[in-house]
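What follows is the content of query_27.cif, which has mmCIF, C-alpha atoms:
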```cif
data_work
loop_
_atom_site.group_PDB
_atom_site.id
_atom_site.type_symbol
_atom_site.label_atom_id
_atom_site.label_comp_id
_atom_site.auth_asym_id
_atom_site.auth_seq_id
_atom_site.Cartn_x
_atom_site.Cartn_y
_atom_site.Cartn_z
ATOM 1 C CA HIS E 405 175.539 82.670 43.853
ATOM 2 C CA ASP E 406 173.901 81.170 46.972
ATOM 3 C CA LEU E 407 176.753 79.827 49.112
ATOM 4 C CA SER E 408 174.618 79.004 52.146
ATOM 5 C CA GLY E 409 175.052 75.282 51.562
ATOM 6 C CA LEU E 410 178.787 75.559 52.174
ATOM 7 C CA PHE E 411 178.318 76.802 55.740
ATOM 8 C CA VAL E 412 175.988 74.243 57.278
ATOM 9 C CA LYS E 413 177.685 74.331 60.696
ATOM 10 C CA SER E 414 178.025 78.087 60.777
ATOM 11 C CA SER E 415 175.632 80.806 61.768
ATOM 12 C CA LEU E 416 174.734 82.363 58.415
ATOM 13 C CA SER E 417 172.192 84.987 57.410
ATOM 14 C CA VAL E 418 171.317 85.738 53.791
ATOM 15 C CA ILE E 419 170.504 89.427 53.269
ATOM 16 C CA ASP E 420 168.970 89.933 49.840
ATOM 17 C CA LYS E 421 169.322 93.717 50.084
ATOM 18 C CA LEU E 422 173.097 93.369 49.815
ATOM 19 C CA HIS E 423 172.890 91.741 46.391
ATOM 20 C CA LEU E 424 174.610 93.920 43.767
ATOM 21 C CA ALA E 425 171.924 93.975 41.104
ATOM 22 C CA GLU E 426 173.695 96.666 39.084
ATOM 23 C CA PRO E 427 177.302 96.494 37.868
ATOM 24 C CA VAL E 428 179.665 98.997 39.472
ATOM 25 C CA ARG E 429 182.375 98.735 36.809
ATOM 26 C CA ALA E 430 180.676 101.415 34.681
ATOM 27 C CA HIS E 431 179.426 104.218 36.910
ATOM 28 C CA ARG E 432 177.577 105.973 34.092
ATOM 29 C CA ALA E 433 176.020 102.846 32.612
ATOM 30 C CA PHE E 434 173.390 101.895 35.192
ATOM 31 C CA GLY E 435 170.392 100.609 33.263
ATOM 32 C CA HIS E 436 172.365 100.262 30.040
ATOM 33 C CA THR E 437 172.191 96.476 29.972
ATOM 34 C CA LYS E 438 168.418 96.720 30.400
ATOM 35 C CA TRP E 439 168.313 99.154 27.468
ATOM 36 C CA ILE E 440 170.235 96.637 25.347
ATOM 37 C CA ASP E 441 167.831 93.838 26.298
ATOM 38 C CA SER E 442 164.834 96.022 25.433
ATOM 39 C CA VAL E 443 166.306 97.022 22.061
ATOM 40 C CA LEU E 444 167.112 93.449 21.045
ATOM 41 C CA GLU E 445 163.698 92.214 22.200
ATOM 42 C CA GLY E 446 161.726 94.888 20.309
ATOM 43 C CA ASP E 447 160.478 96.660 23.448
ATOM 44 C CA VAL E 448 160.617 100.304 22.289
ATOM 45 C CA VAL E 449 158.783 101.789 25.289
ATOM 46 C CA SER E 450 161.094 100.184 27.839
ATOM 47 C CA ALA E 451 164.140 101.203 25.810
ATOM 48 C CA GLN E 452 162.976 104.813 25.813
ATOM 49 C CA ASN E 453 162.406 104.716 29.569
ATOM 50 C CA TYR E 454 165.848 103.283 30.315
ATOM 51 C CA VAL E 455 167.699 105.807 28.170
ATOM 52 C CA ARG E 456 165.957 108.856 29.677
ATOM 53 C CA GLY E 457 167.883 110.661 32.358
ATOM 54 C CA GLN E 458 170.998 108.533 31.934
ATOM 55 C CA GLU E 459 174.474 110.059 31.965
ATOM 56 C CA PHE E 460 175.439 107.470 29.366
ATOM 57 C CA PRO E 461 175.123 109.080 25.904
ATOM 58 C CA ILE E 462 174.007 106.862 23.030
ATOM 59 C CA VAL E 463 174.110 108.574 19.644
ATOM 60 C CA LEU E 464 173.764 107.485 16.021
ATOM 61 C CA THR E 465 175.099 108.589 12.668
ATOM 62 C CA ARG E 466 174.954 107.386 9.082
ATOM 63 C CA ASN E 467 178.425 108.806 8.399
ATOM 64 C CA PHE E 468 181.497 106.929 9.625
ATOM 65 C CA ASN E 469 183.646 110.075 9.720
ATOM 66 C CA ILE E 470 181.120 111.775 12.001
ATOM 67 C CA ALA E 471 181.229 108.751 14.325
ATOM 68 C CA ARG E 472 185.010 108.966 14.538
ATOM 69 C CA GLN E 473 184.889 112.717 15.119
ATOM 70 C CA TRP E 474 182.374 112.271 17.944
ATOM 71 C CA LEU E 475 184.634 109.804 19.709
ATOM 72 C CA LYS E 476 187.705 111.996 19.359
ATOM 73 C CA ARG E 477 185.847 115.103 20.518
ATOM 74 C CA SER E 478 183.904 113.602 23.432
ATOM 75 C CA ALA E 479 186.534 111.317 24.979
ATOM 76 C CA ARG E 480 188.581 113.435 27.360
ATOM 77 C CA GLY E 481 192.134 112.902 28.503
ATOM 78 C CA THR E 482 193.236 109.291 28.430
ATOM 79 C CA ARG E 483 189.717 107.898 27.995
ATOM 80 C CA ARG E 484 190.101 104.952 25.608
ATOM 81 C CA THR E 485 187.991 104.749 22.452
ATOM 82 C CA GLY E 486 187.645 102.012 19.878
ATOM 83 C CA LEU E 487 185.756 100.613 16.925
ATOM 84 C CA LEU E 488 183.643 97.464 17.273
ATOM 85 C CA ALA E 489 181.881 95.296 14.693
ATOM 86 C CA SER E 490 180.304 91.868 14.462
ATOM 87 C CA SER E 491 182.411 88.996 13.141
ATOM 88 C CA GLY E 492 179.595 88.498 10.632
ATOM 89 C CA ALA E 493 179.730 92.090 9.386
ATOM 90 C CA SER E 494 181.320 91.223 6.061
ATOM 91 C CA ARG E 495 179.488 94.001 4.187
ATOM 92 C CA LEU E 496 181.174 96.736 6.179
ATOM 93 C CA ARG E 497 184.190 96.211 3.924
ATOM 94 C CA PRO E 498 183.108 99.006 1.522
ATOM 95 C CA TYR E 499 183.409 101.401 4.481
ATOM 96 C CA GLY E 500 186.945 100.305 5.300
ATOM 97 C CA ILE E 501 185.964 98.008 8.169
ATOM 98 C CA GLU E 502 187.405 94.506 7.761
ATOM 99 C CA VAL E 503 186.368 91.669 10.082
ATOM 100 C CA SER E 504 187.507 88.557 8.228
ATOM 101 C CA ALA E 505 189.253 85.948 10.382
ATOM 102 C CA GLY E 506 192.393 86.129 8.271
ATOM 103 C CA PHE E 507 192.679 89.873 8.704
ATOM 104 C CA ARG E 508 192.016 89.755 12.451
ATOM 105 C CA LYS E 509 194.657 87.046 12.865
ATOM 106 C CA GLU E 510 197.294 89.533 11.741
ATOM 107 C CA VAL E 511 196.240 92.170 14.299
ATOM 108 C CA ASN E 512 197.845 92.342 17.743
ATOM 109 C CA PHE E 513 194.774 93.051 19.848
ATOM 110 C CA ALA E 514 196.816 93.269 23.048
ATOM 111 C CA GLN E 515 198.393 96.392 21.549
ATOM 112 C CA TRP E 516 194.987 97.480 20.259
ATOM 113 C CA PHE E 517 193.706 97.561 23.854
ATOM 114 C CA THR E 518 196.817 98.991 25.525
ATOM 115 C CA ALA E 519 198.849 101.157 23.132
ATOM 116 C CA PRO E 520 198.543 104.926 23.762
ATOM 117 C CA LYS E 521 197.158 107.706 21.593
ATOM 118 C CA GLY E 522 199.337 108.368 18.575
ATOM 119 C CA ASP E 523 200.175 104.692 18.113
ATOM 120 C CA LEU E 524 198.502 103.506 14.906
ATOM 121 C CA ARG E 525 198.222 99.988 16.365
ATOM 122 C CA SER E 526 195.968 101.198 19.180
ATOM 123 C CA SER E 527 192.188 101.347 19.347
ATOM 124 C CA PHE E 528 192.495 105.152 19.376
ATOM 125 C CA ALA E 529 193.358 105.091 15.664
ATOM 126 C CA LEU E 530 189.795 103.921 14.892
ATOM 127 C CA GLU E 531 191.086 101.997 11.901
ATOM 128 C CA VAL E 532 190.739 98.370 13.042
ATOM 129 C CA ALA E 533 187.551 96.941 14.532
ATOM 130 C CA ALA E 534 187.511 94.432 17.363
ATOM 131 C CA THR E 535 184.738 91.850 17.112
ATOM 132 C CA GLU E 536 182.820 90.103 19.872
ATOM 133 C CA PHE E 537 185.679 87.580 20.100
ATOM 134 C CA GLU E 538 188.402 90.119 20.869
ATOM 135 C CA SER E 539 186.259 92.367 23.057
ATOM 136 C CA GLN E 540 184.479 89.741 25.159
ATOM 137 C CA GLY E 541 185.171 90.523 28.816
ATOM 138 C CA LEU E 542 187.063 93.722 28.006
ATOM 139 C CA GLU E 543 185.845 97.298 27.938
ATOM 140 C CA LEU E 544 186.573 100.732 26.513
ATOM 141 C CA ASP E 545 185.412 104.104 27.749
ATOM 142 C CA ARG E 546 183.624 105.112 24.540
ATOM 143 C CA THR E 547 182.929 102.955 21.510
ATOM 144 C CA CYS E 548 181.688 103.090 17.963
ATOM 145 C CA VAL E 549 179.538 100.054 17.160
ATOM 146 C CA ALA E 550 179.423 99.649 13.381
ATOM 147 C CA TRP E 551 176.109 98.035 12.483
ATOM 148 C CA CYS E 552 175.805 95.628 9.582
ATOM 149 C CA TRP E 553 173.052 93.878 7.683
ATOM 150 C CA ASP E 554 173.695 90.647 9.617
ATOM 151 C CA LEU E 555 171.233 91.820 12.296
ATOM 152 C CA LEU E 556 168.035 93.687 11.459
ATOM 153 C CA LEU E 557 166.040 95.300 14.263
ATOM 154 C CA SER E 558 162.415 96.345 14.659
ATOM 155 C CA SER E 559 159.606 96.298 17.210
ATOM 156 C CA ASP E 560 158.969 92.713 16.061
ATOM 157 C CA GLY E 561 162.366 91.697 17.441
ATOM 158 C CA ALA E 562 165.824 90.968 16.084
ATOM 159 C CA VAL E 563 166.401 89.102 12.820
ATOM 160 C CA PRO E 564 169.940 87.645 12.635
ATOM 161 C CA ARG E 565 171.210 86.615 9.208
ATOM 162 C CA ASN E 566 174.140 84.941 7.469
ATOM 163 C CA LEU E 567 175.487 85.955 4.075
ATOM 164 C CA ARG E 568 175.324 83.144 1.539
ATOM 165 C CA LYS E 569 177.152 84.216 -1.614
ATOM 166 C CA ASP E 570 175.349 87.495 -2.296
ATOM 167 C CA VAL E 571 172.120 86.876 -0.361
ATOM 168 C CA TRP E 572 171.358 87.404 3.334
ATOM 169 C CA LYS E 573 169.587 84.360 4.784
ATOM 170 C CA PRO E 574 167.692 84.483 8.114
ATOM 171 C CA ILE E 575 169.048 82.177 10.809
ATOM 172 C CA THR E 576 166.271 79.844 11.911
ATOM 173 C CA LYS E 577 167.858 77.394 14.366
ATOM 174 C CA ASP E 578 167.107 78.676 17.881
ATOM 175 C CA ARG E 579 170.554 78.153 19.389
ATOM 176 C CA THR E 580 172.416 79.609 16.400
ATOM 177 C CA ARG E 581 169.949 82.484 16.206
ATOM 178 C CA GLN E 582 170.458 83.389 19.872
ATOM 179 C CA TYR E 583 174.215 83.207 19.476
ATOM 180 C CA ALA E 584 174.056 85.610 16.515
ATOM 181 C CA ILE E 585 171.948 88.086 18.509
ATOM 182 C CA ASN E 586 174.293 87.808 21.478
ATOM 183 C CA LYS E 587 177.203 88.937 19.304
ATOM 184 C CA TYR E 588 175.629 92.366 19.229
ATOM 185 C CA ARG E 589 174.692 92.154 22.895
ATOM 186 C CA VAL E 590 178.424 91.916 23.611
ATOM 187 C CA LEU E 591 179.298 94.793 21.276
ATOM 188 C CA LEU E 592 176.633 97.099 22.706
ATOM 189 C CA SER E 593 177.846 96.487 26.262
ATOM 190 C CA ARG E 594 181.586 97.182 25.860
ATOM 191 C CA ALA E 595 181.449 100.917 26.639
ATOM 192 C CA ARG E 596 181.751 102.375 30.137
ATOM 193 C CA GLU E 597 180.813 105.994 29.402
ATOM 194 C CA GLY E 598 179.147 106.368 25.996
ATOM 195 C CA MET E 599 178.616 104.961 22.542
ATOM 196 C CA VAL E 600 178.010 105.994 18.961
ATOM 197 C CA ILE E 601 176.254 103.608 16.579
ATOM 198 C CA PHE E 602 177.247 103.819 12.916
ATOM 199 C CA CYS E 603 174.484 102.681 10.549
ATOM 200 C CA PRO E 604 175.783 102.839 6.946
ATOM 201 C CA GLU E 605 173.664 104.438 4.246
ATOM 202 C CA GLY E 606 173.838 101.359 2.027
ATOM 203 C CA GLU E 607 173.857 101.158 -1.734
ATOM 204 C CA GLU E 608 170.865 100.785 -4.065
ATOM 205 C CA ASP E 609 172.825 98.692 -6.571
ATOM 206 C CA ASP E 610 174.090 96.259 -3.930
ATOM 207 C CA ALA E 611 171.506 93.780 -2.621
ATOM 208 C CA THR E 612 173.762 92.945 0.344
ATOM 209 C CA ARG E 613 173.695 96.602 1.508
ATOM 210 C CA SER E 614 170.025 97.529 1.244
ATOM 211 C CA PRO E 615 169.436 101.227 2.119
ATOM 212 C CA ASN E 616 165.840 100.466 3.128
ATOM 213 C CA GLU E 617 166.868 97.775 5.589
ATOM 214 C CA MET E 618 169.494 99.951 7.250
ATOM 215 C CA ASN E 619 167.139 102.961 7.254
ATOM 216 C CA SER E 620 164.704 100.829 9.230
ATOM 217 C CA VAL E 621 167.410 99.850 11.717
ATOM 218 C CA ALA E 622 168.445 103.489 12.175
ATOM 219 C CA ASP E 623 164.823 104.599 12.624
ATOM 220 C CA TYR E 624 164.317 101.856 15.192
ATOM 221 C CA PHE E 625 167.301 103.023 17.229
ATOM 222 C CA LEU E 626 165.972 106.580 17.177
ATOM 223 C CA ALA E 627 162.592 105.293 18.380
ATOM 224 C CA CYS E 628 164.452 103.573 21.234
ATOM 225 C CA GLY E 629 165.757 106.912 22.483
ATOM 226 C CA VAL E 630 169.059 107.192 20.612
ATOM 227 C CA ARG E 631 170.000 110.733 19.573
ATOM 228 C CA SER E 632 170.981 111.430 15.960
ATOM 229 C CA LEU E 633 174.225 113.277 15.184
ATOM 230 C CA ASP E 634 173.149 113.963 11.573
#
```
Take the structure in this file and express it as structure tokens.
Amino acid sequence: HDLSGLFVKSSLSVIDKLHLAEPVRAHRAFGHTKWIDSVLEGDVVSAQNYVRGQEFPIVLTRNFNIARQWLKRSARGTRRTGLLASSGASRLRPYGIEVSAGFRKEVNFAQWFTAPKGDLRSSFALEVAATEFESQGLELDRTCVAWCWDLLLSSDGAVPRNLRKDVWKPITKDRTRQYAINKYRVLLSRAREGMVIFCPEGEEDDATRSPNEMNSVADYFLACGVRSLD
């Protein structure tokens, strides 16, 4: 913020070079927020450029067990890991990921963020997902972001959706649409040192879990420089 107006009677010099344009909270994540912006805006070339040469690994798998194994194997010492999902990710339930408000109300997320390894209430257990509400303003060292059909991605941009009965409906109101996209912006920015994205395979007989739609999302991430674990 420009505070020069508060010091009218003082001798004040504004030095733009001292502005901290990059966050220092995540030493490995320089450029990561720009990668997120590029991904959500459909800018594949910029996303590829930002991810190259970074010490911040971003990987993808279609298998939830592989995602969990990657976190457990790659997070050293006391590095904290955790599972994240959108509050609108209702069709992750078949994969054991519950995000309903009623379920989340029964979870002690203070323990989720602070309890040590071995405590089943902690994020280390990788059994309970925190949504954008619980994780806003908080961070983990390495995360698994479980993707759902509530946000489709392509080079044409992001398409946020709401589930109405058994049909996904695109969100058309600008403000609501931006809010829905920003849910994933929060989830993608919670990791300090690395992230795995879990894109489910889907189910042919379930219109709410289209394999083709999630295949397209996974392919888009790979085009944006994400490395596959499969």
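The gap separating CA of Val448 (chain E) from CA of Thr485 (chain E) is 27.7 Å, in Å to one decimal.
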* Quick one, how far is CA of Val621 (chain E) from CA of Glu543 (chain E)? -> 24.7 Å
* Asked: So what do you get for CA of Arg565 (chain E) versus CA of Asp609 (chain E), distance-wise?
  ->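 So the answer is 19.9 Å.
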* **Selection result of the PyMOL selection byres ((chain E and resi 553) around 10) on this file, as a list in words** => Gly492, Ala493, Ser494, Arg495, Leu496, Trp551, Cys552, Asp554, Leu555, Leu556, Leu557, Val563, Pro564, Arg565, Asn566, Leu567, Trp572, Cys603, Pro604, Gly606, Thr612, Arg613, Ser614, Pro615, Glu617, Met618 and Val621 of chain E
* To verify the selection step, state as number ranges by chain which residues the PyMOL selection byres ((chain E and resi 525-542) around 6) yields on this input. => E: 485-491, 515-516, 519, 521, 523-524, 543, 587
* To do: Go through E:Gly629, E:Gly506, E:Pro520, E:Pro498 and flag the residue nearest Arg483 (chain E), using all atoms listed in the file for the distances.
  =>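 Among the listed residues, E:Pro520 lies closest to Arg483 (chain E).
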* Surrounding residues of Ser559 (chain E) excluding itself and chain neighbours under 2 positions, 7 Å, only C-alpha atoms, as number ranges by chain -> E: 446-448, 561
* With distances taken over all atoms listed in the file, which of E:Ala627, E:Ala514, E:Ser442, E:Met599 is nearest to Thr465 (chain E)? ->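 Counting all atoms listed in the file, the residue closest to Thr465 (chain E) is E:Met599.
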* To do: Pull out every residue that the PyMOL selection byres ((chain E and resi 472-475) around 12) matches in the shown coordinates and put them as JSON, numbers by chain.
  => {"E": [461, 462, 463, 464, 465, 466, 467, 468, 469, 470, 471, 476, 477, 478, 479, 480, 481, 483, 484, 485, 486, 487, 488, 527, 528, 529, 530, 531, 544, 545, 546, 547, 548, 549, 550, 595, 597, 598, 599, 600, 601, 602, 632, 633, 634]}
* Nearest residue to Ser620 (chain E) from the set E:Thr576, E:Gln458, E:Asn453, E:Ser558 (distances using all atoms listed in the file) -> E:Ser558
